[in-house]
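Source file: data_31.pdb. Holds: PDB, C-alpha atoms, pLDDT in the B column.
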ATOM      1  CA  MET A 349      -3.967 -11.117  11.687  1.00 52.00           C
ATOM      2  CA  LEU A 350      -2.676 -11.077   8.121  1.00 67.00           C
ATOM      3  CA  GLU A 351       0.444 -12.944   9.245  1.00 68.00           C
ATOM      4  CA  ASN A 352       1.133 -14.461   5.823  1.00 72.00           C
ATOM      5  CA  SER A 353       0.456 -11.323   3.829  1.00 83.00           C
ATOM      6  CA  VAL A 354       2.910  -9.547   1.557  1.00 89.00           C
ATOM      7  CA  TRP A 355       2.812  -6.673   4.012  1.00 88.00           C
ATOM      8  CA  ARG A 356       4.044  -8.810   6.906  1.00 88.00           C
ATOM      9  CA  GLN A 357       6.966 -10.143   4.852  1.00 90.00           C
ATOM     10  CA  TYR A 358       8.552  -6.705   5.064  1.00 91.00           C
ATOM     11  CA  ASN A 359       6.854  -5.016   8.030  1.00 89.00           C
ATOM     12  CA  SER A 360       6.826  -6.328  11.584  1.00 86.00           C
ATOM     13  CA  GLU A 361       3.547  -4.549  12.344  1.00 83.00           C
ATOM     14  CA  ASN A 362       0.215  -4.289  10.543  1.00 80.00           C
ATOM     15  CA  ASN A 363       0.672  -0.558  10.065  1.00 87.00           C
ATOM     16  CA  PHE A 364      -0.698  -0.478   6.521  1.00 88.00           C
ATOM     17  CA  ARG A 365      -3.717   1.448   7.834  1.00 90.00           C
ATOM     18  CA  GLN A 366      -1.478   4.353   8.843  1.00 92.00           C
ATOM     19  CA  MET A 367       0.448   4.165   5.566  1.00 91.00           C
ATOM     20  CA  CYS A 368      -2.749   4.145   3.504  1.00 90.00           C
ATOM     21  CA  ALA A 369      -4.034   7.174   5.388  1.00 91.00           C
ATOM     22  CA  ARG A 370      -0.732   8.966   4.967  1.00 90.00           C
ATOM     23  CA  PHE A 371      -0.285   8.375   1.251  1.00 88.00           C
ATOM     24  CA  CYS A 372      -3.970   8.679   0.344  1.00 88.00           C
ATOM     25  CA  LYS A 373      -4.107  11.941   2.290  1.00 87.00           C
ATOM     26  CA  MET A 374      -7.085  10.761   4.324  1.00 89.00           C
ATOM     27  CA  ASP A 375      -8.056  10.848   7.985  1.00 90.00           C
ATOM     28  CA  ILE A 376      -7.355   7.441   9.535  1.00 90.00           C
ATOM     29  CA  ALA A 377     -10.790   7.436  11.176  1.00 89.00           C
ATOM     30  CA  SER A 378     -12.491   7.529   7.775  1.00 89.00           C
ATOM     31  CA  LEU A 379     -10.850   4.289   6.616  1.00 91.00           C
ATOM     32  CA  ILE A 380     -12.592   0.916   6.674  1.00 90.00           C
ATOM     33  CA  GLU A 381     -12.429  -0.316  10.286  1.00 89.00           C
ATOM     34  CA  ASP A 382     -11.810  -4.016   9.634  1.00 90.00           C
ATOM     35  CA  ASP A 383      -8.133  -4.585   8.768  1.00 88.00           C
ATOM     36  CA  LYS A 384      -8.884  -7.673   6.689  1.00 90.00           C
ATOM     37  CA  ILE A 385     -11.391  -5.828   4.515  1.00 91.00           C
ATOM     38  CA  LEU A 386      -9.118  -2.793   4.189  1.00 91.00           C
ATOM     39  CA  TYR A 387      -6.197  -5.007   3.167  1.00 91.00           C
ATOM     40  CA  ALA A 388      -8.413  -6.820   0.646  1.00 92.00           C
ATOM     41  CA  VAL A 389      -9.364  -3.479  -0.918  1.00 92.00           C
ATOM     42  CA  LEU A 390      -5.695  -2.484  -0.986  1.00 92.00           C
ATOM     43  CA  LYS A 391      -4.830  -5.758  -2.723  1.00 93.00           C
ATOM     44  CA  ALA A 392      -7.649  -5.263  -5.223  1.00 94.00           C
ATOM     45  CA  LYS A 393      -6.566  -1.716  -6.108  1.00 94.00           C
ATOM     46  CA  LEU A 394      -2.851  -2.404  -6.516  1.00 95.00           C
ATOM     47  CA  THR A 395      -1.057  -4.894  -8.719  1.00 95.00           C
ATOM     48  CA  LYS A 396       1.051  -7.528  -6.977  1.00 95.00           C
ATOM     49  CA  LYS A 397       4.214  -5.601  -7.823  1.00 96.00           C
ATOM     50  CA  GLU A 398       2.748  -2.328  -6.555  1.00 96.00           C
ATOM     51  CA  LEU A 399       1.607  -3.930  -3.297  1.00 95.00           C
ATOM     52  CA  ARG A 400       5.030  -5.460  -2.766  1.00 95.00           C
ATOM     53  CA  LEU A 401       6.725  -2.142  -3.573  1.00 96.00           C
ATOM     54  CA  PHE A 402       4.384  -0.342  -1.160  1.00 95.00           C
ATOM     55  CA  ALA A 403       5.200  -2.853   1.585  1.00 94.00           C
ATOM     56  CA  MET A 404       8.939  -2.669   0.960  1.00 95.00           C
ATOM     57  CA  ASP A 405       9.025   1.121   0.735  1.00 94.00           C
ATOM     58  CA  SER A 406       6.874   1.473   3.864  1.00 92.00           C
ATOM     59  CA  ALA A 407       9.304  -0.799   5.697  1.00 93.00           C
ATOM     60  CA  GLN A 408      11.972   1.715   4.720  1.00 93.00           C
ATOM     61  CA  LEU A 409      14.110  -0.857   2.984  1.00 93.00           C
ATOM     62  CA  ASP A 410      17.163   0.460   1.208  1.00 94.00           C
ATOM     63  CA  ASN A 411      16.543   1.423  -2.430  1.00 95.00           C
ATOM     64  CA  ASP A 412      19.290  -0.985  -3.474  1.00 95.00           C
ATOM     65  CA  GLU A 413      17.378  -3.894  -1.916  1.00 95.00           C
ATOM     66  CA  ILE A 414      14.186  -2.835  -3.658  1.00 95.00           C
ATOM     67  CA  LYS A 415      15.974  -2.425  -6.994  1.00 95.00           C
ATOM     68  CA  ALA A 416      17.492  -5.890  -6.628  1.00 95.00           C
ATOM     69  CA  ALA A 417      14.131  -7.471  -5.789  1.00 94.00           C
ATOM     70  CA  PHE A 418      12.439  -5.983  -8.853  1.00 95.00           C
ATOM     71  CA  GLU A 419      15.510  -5.795 -11.107  1.00 95.00           C
ATOM     72  CA  TYR A 420      14.933  -2.048 -11.502  1.00 95.00           C
ATOM     73  CA  SER A 421      17.360   0.698 -12.391  1.00 96.00           C
ATOM     74  CA  ASP A 422      17.324   3.932 -10.387  1.00 96.00           C
ATOM     75  CA  GLU A 423      15.052   5.526 -12.986  1.00 97.00           C
ATOM     76  CA  ASP A 424      12.687   2.528 -13.104  1.00 96.00           C
ATOM     77  CA  LEU A 425      12.367   2.540  -9.311  1.00 96.00           C
ATOM     78  CA  GLU A 426      11.538   6.236  -9.205  1.00 97.00           C
ATOM     79  CA  LYS A 427       8.934   5.782 -11.956  1.00 97.00           C
ATOM     80  CA  ALA A 428       7.368   2.808 -10.150  1.00 97.00           C
ATOM     81  CA  LYS A 429       7.163   4.713  -6.857  1.00 96.00           C
ATOM     82  CA  PHE A 430       5.709   7.762  -8.592  1.00 97.00           C
ATOM     83  CA  LYS A 431       3.073   5.625 -10.315  1.00 96.00           C
ATOM     84  CA  LEU A 432       2.219   3.797  -7.064  1.00 95.00           C
ATOM     85  CA  TYR A 433       1.772   6.903  -4.938  1.00 94.00           C
ATOM     86  CA  LYS A 434      -0.067   8.701  -7.717  1.00 95.00           C
ATOM     87  CA  LYS A 435      -2.515   5.785  -7.855  1.00 94.00           C
ATOM     88  CA  LEU A 436      -3.051   5.912  -4.077  1.00 92.00           C
ATOM     89  CA  LYS A 437      -3.941   9.602  -4.308  1.00 92.00           C
ATOM     90  CA  GLN A 438      -6.567   9.110  -7.041  1.00 92.00           C
ATOM     91  CA  ASP A 439     -10.159   9.661  -5.958  1.00 91.00           C
ATOM     92  CA  LYS A 440     -11.375   6.370  -7.418  1.00 88.00           C
ATOM     93  CA  VAL A 441      -8.910   4.489  -5.195  1.00 88.00           C
ATOM     94  CA  ARG A 442      -9.255   6.689  -2.126  1.00 89.00           C
ATOM     95  CA  LEU A 443     -13.038   6.414  -2.104  1.00 89.00           C
ATOM     96  CA  ASP A 444     -12.845   2.619  -1.928  1.00 91.00           C
ATOM     97  CA  PHE A 445     -10.822   2.884   1.299  1.00 90.00           C
ATOM     98  CA  ARG A 446     -13.576   4.864   3.028  1.00 88.00           C
ATOM     99  CA  ALA A 447     -15.747   3.098   5.590  1.00 74.00           C
ATOM    100  CA  SER A 448     -18.831   4.350   3.768  1.00 72.00           C
ATOM    101  CA  SER A 449     -17.819   2.413   0.629  1.00 62.00           C
ATOM    102  CA  ILE A 450     -18.625  -0.998   2.131  1.00 61.00           C
ATOM    103  CA  GLU A 451     -22.154  -2.273   2.484  1.00 54.00           C
ATOM    104  CA  GLU A 452     -22.962  -3.858   5.808  1.00 45.00           C
TER     105      GLU A 452
END

Show me this structure written as structure tokens.
Amino acid sequence: MLENSVWRQYNSENNFRQMCARFCKMDIASLIEDDKILYAVLKAKLTKKELRLFAMDSAQLDNDEIKAAFEYSDEDLEKAKFKLYKKLKQDKVRLDFRASSIEE
């Protein structure tokens, strides 16, 4: 599932559910159950650059590799990471990851 996704380019496993729970400070059981729907919400909430940065950082790639991929300086990378993780912690984003946010 999600074999051709940005996430799978950098991560061997579909562990974005655990990463979302960790960085959004949520219980994993409260997240949307279907991985495809959860990933679609993640894609909708983040820009392409932010999603790629999230995937690369979650794969624990070296900061030098990430800086080269985005042509960032050290300061730009730290700002981008701060902005990304701040966005994931916002209530308006976190609430969309909850299972109760989707209509069945």

Report, in Å with one decimal, the straight-line distance from CA of Lys427 (chain A) to CA of Gln366 (chain A).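 Computed distance, CA of Lys427 (chain A) to CA of Gln366 (chain A), equals 23.3 Å.
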
Taking the file as shown, find all residues satisfying the PyMOL selection byres ((chain A and resi 383-393) around 12) and write them as a ChimeraX atom specification. /A:349-351,353-356,362-369,372,376,378-382,394-400,402-403,432,435-447,449-452

Return as JSON the box centre and box size in Å, one decimal, for an axis-aligned box around all listed atoms of region 364-377 of chain A padded by 8 Å per side.
{"center_x": -5.2, "center_y": 5.7, "center_z": 5.8, "size_x": 27.2, "size_y": 28.4, "size_z": 26.8}

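Pairwise distance (CA of Glu413 (chain A), CA of Leu401 (chain A)) equals 10.9 Å.
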
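Of note, CA of Met404 (chain A) and CA of Ser448 (chain A) are spaced 28.8 Å apart.
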
Best match for closeness to Asn411 (chain A) among A:Tyr433, A:Asp424, A:Asn352, A:Asn359, counting only C-alpha atoms: A:Asp424

Output requested as a compact mmCIF listing (two decimals), in the frame of the given file - region 367-394 of chain A, filled out with N, CA and C atoms.
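New file out00.txt:
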# COMPACT_ATOMS: atom_id res chain seq x y z
N MET A 367 -0.20 3.85 6.84
CA MET A 367 0.45 4.16 5.57
C MET A 367 -0.58 4.53 4.50
N CYS A 368 -1.68 3.82 4.46
CA CYS A 368 -2.75 4.14 3.50
C CYS A 368 -3.27 5.55 3.77
N ALA A 369 -3.53 5.85 5.03
CA ALA A 369 -4.03 7.17 5.39
C ALA A 369 -3.03 8.26 5.01
N ARG A 370 -1.78 7.97 5.25
CA ARG A 370 -0.73 8.97 4.97
C ARG A 370 -0.60 9.24 3.47
N PHE A 371 -0.52 8.19 2.68
CA PHE A 371 -0.28 8.38 1.25
C PHE A 371 -1.55 8.71 0.47
N CYS A 372 -2.70 8.33 1.00
CA CYS A 372 -3.97 8.68 0.34
C CYS A 372 -4.46 10.04 0.80
N LYS A 373 -3.73 10.63 1.74
CA LYS A 373 -4.11 11.94 2.29
C LYS A 373 -5.53 11.92 2.84
N MET A 374 -5.77 10.93 3.71
CA MET A 374 -7.08 10.76 4.32
C MET A 374 -6.93 10.71 5.83
N ASP A 375 -8.01 10.99 6.53
CA ASP A 375 -8.06 10.85 7.98
C ASP A 375 -8.17 9.35 8.30
N ILE A 376 -7.37 8.87 9.22
CA ILE A 376 -7.36 7.44 9.54
C ILE A 376 -8.71 6.95 10.03
N ALA A 377 -9.47 7.82 10.66
CA ALA A 377 -10.79 7.44 11.18
C ALA A 377 -11.80 7.18 10.06
N SER A 378 -11.55 7.72 8.88
CA SER A 378 -12.49 7.53 7.78
C SER A 378 -12.24 6.24 6.99
N LEU A 379 -11.15 5.54 7.31
CA LEU A 379 -10.85 4.29 6.62
C LEU A 379 -11.73 3.16 7.11
N ILE A 380 -11.85 2.12 6.30
CA ILE A 380 -12.59 0.92 6.67
C ILE A 380 -12.02 0.39 7.99
N GLU A 381 -12.88 0.07 8.95
CA GLU A 381 -12.43 -0.32 10.29
C GLU A 381 -11.79 -1.70 10.35
N ASP A 382 -12.32 -2.65 9.60
CA ASP A 382 -11.81 -4.02 9.63
C ASP A 382 -10.53 -4.12 8.81
N ASP A 383 -9.42 -4.50 9.45
CA ASP A 383 -8.13 -4.58 8.77
C ASP A 383 -8.15 -5.56 7.60
N LYS A 384 -8.84 -6.68 7.77
CA LYS A 384 -8.88 -7.67 6.69
C LYS A 384 -9.57 -7.11 5.45
N ILE A 385 -10.66 -6.41 5.65
CA ILE A 385 -11.39 -5.83 4.51
C ILE A 385 -10.56 -4.71 3.88
N LEU A 386 -9.95 -3.88 4.70
CA LEU A 386 -9.12 -2.79 4.19
C LEU A 386 -7.95 -3.35 3.38
N TYR A 387 -7.32 -4.40 3.89
CA TYR A 387 -6.20 -5.01 3.17
C TYR A 387 -6.67 -5.64 1.86
N ALA A 388 -7.86 -6.23 1.87
CA ALA A 388 -8.41 -6.82 0.65
C ALA A 388 -8.67 -5.74 -0.41
N VAL A 389 -9.15 -4.59 0.01
CA VAL A 389 -9.36 -3.48 -0.92
C VAL A 389 -8.02 -2.99 -1.45
N LEU A 390 -7.03 -2.90 -0.57
CA LEU A 390 -5.70 -2.48 -0.99
C LEU A 390 -5.14 -3.46 -2.03
N LYS A 391 -5.30 -4.74 -1.77
CA LYS A 391 -4.83 -5.76 -2.72
C LYS A 391 -5.57 -5.66 -4.05
N ALA A 392 -6.85 -5.35 -4.00
CA ALA A 392 -7.65 -5.26 -5.22
C ALA A 392 -7.27 -4.04 -6.06
N LYS A 393 -6.87 -2.97 -5.41
CA LYS A 393 -6.57 -1.72 -6.11
C LYS A 393 -5.15 -1.66 -6.66
N LEU A 394 -4.24 -2.42 -6.08
CA LEU A 394 -2.85 -2.40 -6.52
C LEU A 394 -2.49 -3.72 -7.20
